[in-house]
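Some notes on the structure that comes next.
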Amino acid sequence: MRIGMIAGEPSGDLLAARVLQGLRARCDSLHANGIGGPRMTEAGFDAWYAMDQLSVFGYVDALRRLPWLLAMRRQVLRRWLHERPRVFVGIDAPDFNLGVEARLRKAGVPTVHFVSPSIWAWRGERIHAIRQAVSHMLVVFPFETEIYQQAGVPVTYVGHPLAQVIPMEPDRRAARERLGLPLDRRVVALLPGSRQSELAQLAPRFLQAAQRLAKEHPDLRFVVPMVNAARRGQFEAYLQRWPVAGLQCLEGKSYDVLEASDVVMVASGTATLEAALFKRPMVIAYAVSPMALWLMQRKSGQATPYLPWVGLPNILEKDFAVPELLQEAATPEALATAVSNWLTDPAAVAQLETRFTRMHHSLRLDTPQLAANAILEVAERG
């Protein structure tokens with residue numbers, strides 16, 4: 001059984017590795033190759049190119065690396081068209097994978113795409129390209145199935161892999177002991193994003209909000225997990241300008257920080273779902289530069305988003321379960337007030353925990369096995 005795979009980010013690498021384990025449990029002679037990361041290699045994947053060569057940060061970086069990315073795509077396509085896989089599986093990275101899938105499907109290779117692009121949030125016209133490129137879509141949110149069914153794209157809901165990784169009942173005390181945090185103080189987690197541009201927009205606002213909160217609630221501790229040393233250095237440069245008493249900056253350990261926290265101030269993205277699965281009240285913020293906002297609006301063909309929510313917990317709940325402060329609304333004053341509201345309303349926190357527990361159950365399926373089953377069914381049908 002030959003399977004082609006491409007994963008473009010660390011989250012995709014982890015997801016693909018778990019799917020490979022599920023595939024090997026069903027198929028004795030499996031050979032998977034393409035573009036992947038270290039977790040996939042550990043699972044027996046033959047990586048023709050390292051996954052990090054697909055990493056692109058922003059429009060400028062994308063334009064600069066475009067010739068290399070196109071050349072790499074031509075190379076993998078040439079090899080797969082010569083040694084045809086039974087099925088191709090693209091893990092996320094839609095800007096790269098959809099082009100590969102379209103070419104392979106046209107040549108008669110069935111294609112599976114795992115993790116839908118956010119067509120429910122913006123760039124909904126992508127559904128037409130997906131219909132041409134994808135034989136079967138695997139989605140991680142239950143509401144996505146209706147979108148693909150209406151578009152005539154075969155789809156399977158496989159649950160969200162994070163719902164299996166994150167415990168149903170977080171242990172705040174154990175997490176604080178791991179981080180060396182006091183057990184008798186309240187903790188606010190600050191997650192201003194993992195990209196340089198996100199930090200530039202949000203870190204100053206988060207720090208100024210934390211300054212206000214520290215004055216209003218002297219018992220607070222603040223913990224900031226950074227994705228790597230570069231982002232930590234960037235954040236600590238902002239911290240010198242806007243110092244916050246009782247703030248600890250870490251490299252990694254974001255799950256420990258979320259588990260240890262009482263309230264989370266977080267940039268819109270996957271971290272909002274992680275915070276929800278840890279059953280933590282949060283305030284979601286996001287802001288981009290005027291130029292980036294203009295490009296996004298131009299790319300989506302509209303000035304306003306498709307949905308009234310941007311945060312994944314609110315989208316899943318179809319309600320403003322937690323506050324969202326976007327662009328000019330994400331002021332330090334507004335952020336501090338929204339966090340303080342959670343700190344002073346335990347009844348609201350308890351109600352939110354109940355909602356997030358229900359959400360966790362709905363997302364917690366055997367994702368690797370369900371995905372592997374669907375992939376093998378597509379391969380067998382041809």
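Residues are referred to by chain and number: the chain letter is A, B, ... according to the order shown in the structure tokens, the number counts from 1 in that chain, and ligands are numbered separately from 1 in the order shown.
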Kindly provide the residues of region 133-247 of chain A that approach region 326-332 of chain A to within 12 Å, each paired with its closest atom pair and their distance in Å to one decimal, based on only C-alpha atoms, listed by chain and increasing number, as a Markdown table.
| residue | atom | partner | partner_atom | distance |
| --- | --- | --- | --- | --- |
| A:Pro192 | CA | A:Ala330 | CA | 11.9 |
| A:Glu198 | CA | A:Gln327 | CA | 11.7 |
| A:Gln201 | CA | A:Gln327 | CA | 9.2 |
| A:Leu202 | CA | A:Ala330 | CA | 8.5 |
| A:Ala203 | CA | A:Pro332 | CA | 10.3 |
| A:Pro204 | CA | A:Pro332 | CA | 8.5 |
| A:Arg205 | CA | A:Pro332 | CA | 5.1 |
| A:Phe206 | CA | A:Pro332 | CA | 6.5 |
| A:Leu207 | CA | A:Pro332 | CA | 7.9 |
| A:Gln208 | CA | A:Pro332 | CA | 5.5 |
| A:Ala209 | CA | A:Pro332 | CA | 4.3 |
| A:Ala210 | CA | A:Pro332 | CA | 8.1 |
| A:Gln211 | CA | A:Pro332 | CA | 9.0 |
| A:Arg212 | CA | A:Pro332 | CA | 8.0 |
| A:Leu213 | CA | A:Pro332 | CA | 9.8 |
| A:Trp242 | CA | A:Pro332 | CA | 11.8 |
With N, CA and C atoms retained, export the selected residues as a compact mmCIF listing (two decimals), in the first residue's frame.
# COMPACT_ATOMS: atom_id res chain seq x y z
N PRO A 192 -0.18 35.86 23.45
CA PRO A 192 -0.38 36.87 22.41
C PRO A 192 -0.02 36.41 21.01
N GLU A 198 1.98 38.81 14.98
CA GLU A 198 0.96 38.76 16.04
C GLU A 198 1.49 39.41 17.31
N GLN A 201 1.56 43.21 17.25
CA GLN A 201 0.26 43.84 17.41
C GLN A 201 -0.31 43.67 18.82
N LEU A 202 -0.14 42.48 19.41
CA LEU A 202 -0.88 42.15 20.62
C LEU A 202 -0.06 42.23 21.91
N ALA A 203 1.23 41.92 21.87
CA ALA A 203 2.00 41.89 23.11
C ALA A 203 1.96 43.22 23.86
N PRO A 204 2.16 44.37 23.20
CA PRO A 204 2.07 45.64 23.95
C PRO A 204 0.71 45.84 24.60
N ARG A 205 -0.35 45.47 23.91
CA ARG A 205 -1.70 45.63 24.48
C ARG A 205 -1.90 44.69 25.67
N PHE A 206 -1.44 43.44 25.52
CA PHE A 206 -1.58 42.48 26.61
C PHE A 206 -0.81 42.94 27.85
N LEU A 207 0.40 43.45 27.65
CA LEU A 207 1.22 43.88 28.78
C LEU A 207 0.62 45.10 29.47
N GLN A 208 0.11 46.04 28.70
CA GLN A 208 -0.53 47.20 29.31
C GLN A 208 -1.81 46.80 30.06
N ALA A 209 -2.53 45.83 29.51
CA ALA A 209 -3.70 45.31 30.23
C ALA A 209 -3.27 44.63 31.53
N ALA A 210 -2.17 43.86 31.48
CA ALA A 210 -1.67 43.19 32.68
C ALA A 210 -1.25 44.20 33.74
N GLN A 211 -0.66 45.33 33.32
CA GLN A 211 -0.30 46.37 34.28
C GLN A 211 -1.53 46.87 35.03
N ARG A 212 -2.61 47.09 34.29
CA ARG A 212 -3.85 47.55 34.92
C ARG A 212 -4.41 46.49 35.87
N LEU A 213 -4.38 45.23 35.43
CA LEU A 213 -4.91 44.15 36.26
C LEU A 213 -4.09 43.99 37.54
N TRP A 242 7.12 47.75 28.98
CA TRP A 242 5.90 47.72 29.79
C TRP A 242 6.05 46.64 30.86
Query - Spatial neighbours of Val112 (chain A), 7 Å, only C-alpha atoms, chain gap at least 5 places, as JSON, numbers by chain - result: {"A": [88, 89, 90, 134, 135, 136, 137, 375]}
Keeping N, CA and C atoms for every residue in the selection just given, could you write it to a file as a tab-separated table (two decimals), in the first residue's frame?
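The resulting result_13.tsv:
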chain	number	residue	atom	x	y	z
A	88	PHE	N	-3.55	9.79	-1.96
A	88	PHE	CA	-2.75	10.90	-1.44
A	88	PHE	C	-3.51	11.55	-0.31
A	89	VAL	N	-2.78	11.90	0.77
A	89	VAL	CA	-3.38	12.55	1.93
A	89	VAL	C	-2.66	13.87	2.19
A	90	GLY	N	-3.37	14.97	2.02
A	90	GLY	CA	-2.82	16.29	2.35
A	90	GLY	C	-3.28	16.69	3.73
A	134	VAL	N	-10.39	17.40	-4.27
A	134	VAL	CA	-10.47	16.48	-3.12
A	134	VAL	C	-11.51	15.40	-3.37
A	135	SER	N	-11.08	14.14	-3.27
A	135	SER	CA	-12.02	13.02	-3.36
A	135	SER	C	-12.81	12.85	-2.08
A	136	HIS	N	-12.18	13.15	-0.94
A	136	HIS	CA	-12.83	12.97	0.37
A	136	HIS	C	-12.21	13.95	1.35
A	137	MET	N	-13.06	14.65	2.09
A	137	MET	CA	-12.60	15.61	3.09
A	137	MET	C	-12.82	15.04	4.48
A	375	ILE	N	-9.41	6.88	5.01
A	375	ILE	CA	-8.35	6.91	3.99
A	375	ILE	C	-8.26	5.58	3.26
Would you write out, as JSON lines, a table of all residues in region 123-225 of chain A that have an atom no more than 9 Å from an atom of region 273-277 of chain A, listing for each the closest atom pair and the distance in Å to one decimal, considering only C-alpha atoms and ordering rows by chain and rising residue number?
{"residue": "A:Leu162", "atom": "CA", "partner": "A:Glu274", "partner_atom": "CA", "distance": 7.3}
{"residue": "A:Ala163", "atom": "CA", "partner": "A:Leu277", "partner_atom": "CA", "distance": 6.8}
{"residue": "A:Ile166", "atom": "CA", "partner": "A:Leu277", "partner_atom": "CA", "distance": 6.6}
{"residue": "A:Pro167", "atom": "CA", "partner": "A:Leu277", "partner_atom": "CA", "distance": 7.9}
{"residue": "A:Met168", "atom": "CA", "partner": "A:Leu277", "partner_atom": "CA", "distance": 7.5}
{"residue": "A:Pro170", "atom": "CA", "partner": "A:Leu277", "partner_atom": "CA", "distance": 8.9}
Would you export the selected residues with N, CA and C atoms as a CSV table (one decimal), in the first residue's frame, please?
chain,number,residue,atom,x,y,z
A,162,LEU,N,-7.0,17.3,19.4
A,162,LEU,CA,-6.6,17.9,20.6
A,162,LEU,C,-7.6,17.5,21.8
A,163,ALA,N,-8.8,17.1,21.4
A,163,ALA,CA,-9.7,16.6,22.4
A,163,ALA,C,-9.3,15.3,23.1
A,166,ILE,N,-5.8,16.6,25.4
A,166,ILE,CA,-6.1,17.4,26.6
A,166,ILE,C,-7.0,16.6,27.5
A,167,PRO,N,-6.7,16.6,28.8
A,167,PRO,CA,-7.5,15.8,29.7
A,167,PRO,C,-8.9,16.4,29.9
A,168,MET,N,-9.9,15.5,30.1
A,168,MET,CA,-11.3,16.0,30.4
A,168,MET,C,-11.4,16.8,31.7
A,170,PRO,N,-8.9,18.8,33.9
A,170,PRO,CA,-7.5,19.4,34.1
A,170,PRO,C,-7.2,19.4,35.6
Report summary line: As a check of understanding: the span from CA of Glu353 (chain A) to CA of Lys318 (chain A) is 16.1 Å
Query raised in the report: Smallest atom-to-atom distance to Ala245 (chain A): which of A:Arg18, A:Lys215, A:Arg186, A:Arg172, using only C-alpha atoms?
Result: A:Lys215
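In terms of minimum interatomic distance to Val87 (chain A), A:Thr111 ranks closest within A:Thr111, A:Thr354, A:Asn373, A:Gln132, counting only C-alpha atoms.
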Query - region 31-41 of chain A surroundings by only C-alpha atoms, 7 Å radius, close-in-sequence under 2 positions cut, as a list in words - result: Met1, Arg2, Ile3, Gly4, Met5, Ile6, Ala7, Gly8, Asp13, Leu14, Ala16, Ala17, Ser29, Ala43, Gly44, Phe45, Asp46, Ala47, Trp48, Tyr49, Ala50, Met51 and Val76 of chain A
Could you save those same residues with C-alpha atoms as a tab-separated table (two decimals), in the first residue's frame?
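In the end it all went to again.tsv:
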chain	number	residue	atom	x	y	z
A	1	MET	CA	0.00	0.00	0.00
A	2	ARG	CA	1.69	3.20	-1.22
A	3	ILE	CA	0.41	6.43	0.31
A	4	GLY	CA	1.58	9.95	-0.50
A	5	MET	CA	1.41	12.52	2.29
A	6	ILE	CA	2.27	16.17	2.82
A	7	ALA	CA	2.18	17.96	6.18
A	8	GLY	CA	3.26	21.57	6.42
A	13	ASP	CA	3.23	16.50	11.61
A	14	LEU	CA	1.79	15.26	14.91
A	16	ALA	CA	-0.12	12.73	10.38
A	17	ALA	CA	2.09	10.61	12.66
A	29	SER	CA	2.61	-3.46	4.23
A	43	ALA	CA	6.29	6.64	12.51
A	44	GLY	CA	8.12	5.18	9.51
A	45	PHE	CA	7.48	7.94	6.97
A	46	ASP	CA	9.90	8.36	4.05
A	47	ALA	CA	10.41	12.15	3.94
A	48	TRP	CA	11.62	13.34	0.55
A	49	TYR	CA	11.65	16.89	1.88
A	50	ALA	CA	11.59	18.23	5.45
A	51	MET	CA	8.32	19.79	6.50
A	76	VAL	CA	7.02	15.54	-5.65
Requested in this report: Write out as an MDAnalysis selection string all residues of region 77-319 of chain A that backbone DSSP assigns to strand (DSSP E).
Outcome: chainID A and resid 87:91 111:114 136:139 155:157 187:191 221:226 247:251 263:267 282:286
Next, dump the selected residues to file, keeping only C-alpha atoms, as a short mmCIF file (atom, residue, chain, number, x, y, z; two decimals), in the first residue's frame.
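Output file result26.cif follows:
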data_model
loop_
_atom_site.label_atom_id
_atom_site.label_comp_id
_atom_site.auth_asym_id
_atom_site.auth_seq_id
_atom_site.Cartn_x
_atom_site.Cartn_y
_atom_site.Cartn_z
CA VAL A 87 -4.15 7.46 -2.25
CA PHE A 88 -2.75 10.90 -1.44
CA VAL A 89 -3.38 12.55 1.93
CA GLY A 90 -2.82 16.29 2.35
CA ILE A 91 -2.63 17.33 5.99
CA THR A 111 -7.09 12.35 -2.75
CA VAL A 112 -7.99 12.96 0.88
CA HIS A 113 -7.62 16.31 2.61
CA PHE A 114 -7.43 16.29 6.39
CA HIS A 136 -12.83 12.97 0.37
CA MET A 137 -12.60 15.61 3.09
CA LEU A 138 -11.88 14.78 6.73
CA VAL A 139 -13.13 17.49 9.08
CA VAL A 155 -16.92 14.14 4.00
CA THR A 156 -16.26 12.37 7.30
CA TYR A 157 -16.22 14.00 10.73
CA VAL A 187 -2.93 33.12 37.59
CA VAL A 188 -3.65 34.87 34.30
CA ALA A 189 -2.13 33.27 31.20
CA LEU A 190 -1.11 35.60 28.38
CA LEU A 191 -0.90 34.03 24.91
CA ARG A 221 0.50 36.21 38.78
CA PHE A 222 1.00 36.33 35.01
CA VAL A 223 2.56 33.55 32.93
CA VAL A 224 3.47 33.84 29.25
CA PRO A 225 4.47 30.74 27.22
CA MET A 226 6.43 31.54 24.04
CA LEU A 247 5.12 38.03 35.35
CA GLN A 248 6.96 34.86 34.30
CA CYS A 249 7.92 34.24 30.66
CA LEU A 250 8.58 30.64 29.57
CA GLU A 251 9.72 28.90 26.42
CA VAL A 263 -8.20 33.16 33.18
CA VAL A 264 -6.58 33.34 29.73
CA MET A 265 -5.95 36.36 27.52
CA VAL A 266 -5.34 34.84 24.09
CA ALA A 267 -4.85 35.63 20.42
CA MET A 282 -10.80 33.56 28.28
CA VAL A 283 -10.75 36.85 26.48
CA ILE A 284 -9.99 36.53 22.76
CA ALA A 285 -8.16 39.33 20.96
CA TYR A 286 -6.82 39.84 17.49
#
Query raised in the report: Of the candidates A:Arg176, A:Arg241, A:Arg73, A:Arg26, which shows the shortest atom-to-atom distance to Glu377 (chain A), using only C-alpha atoms?
Result: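 Nearest to Glu377 (chain A): A:Arg26.
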Query raised in the report: CA of Ser11 (chain A) and CA of Lys106 (chain A) are how many Å apart?
Result: 28.3 Å
Report task. Work out how far CA of Tyr255 (chain A) is from CA of Trp120 (chain A), in Å to one decimal. Result ->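 Straight-line distance from CA of Trp120 (chain A) to CA of Tyr255 (chain A) works out to 27.3 Å.
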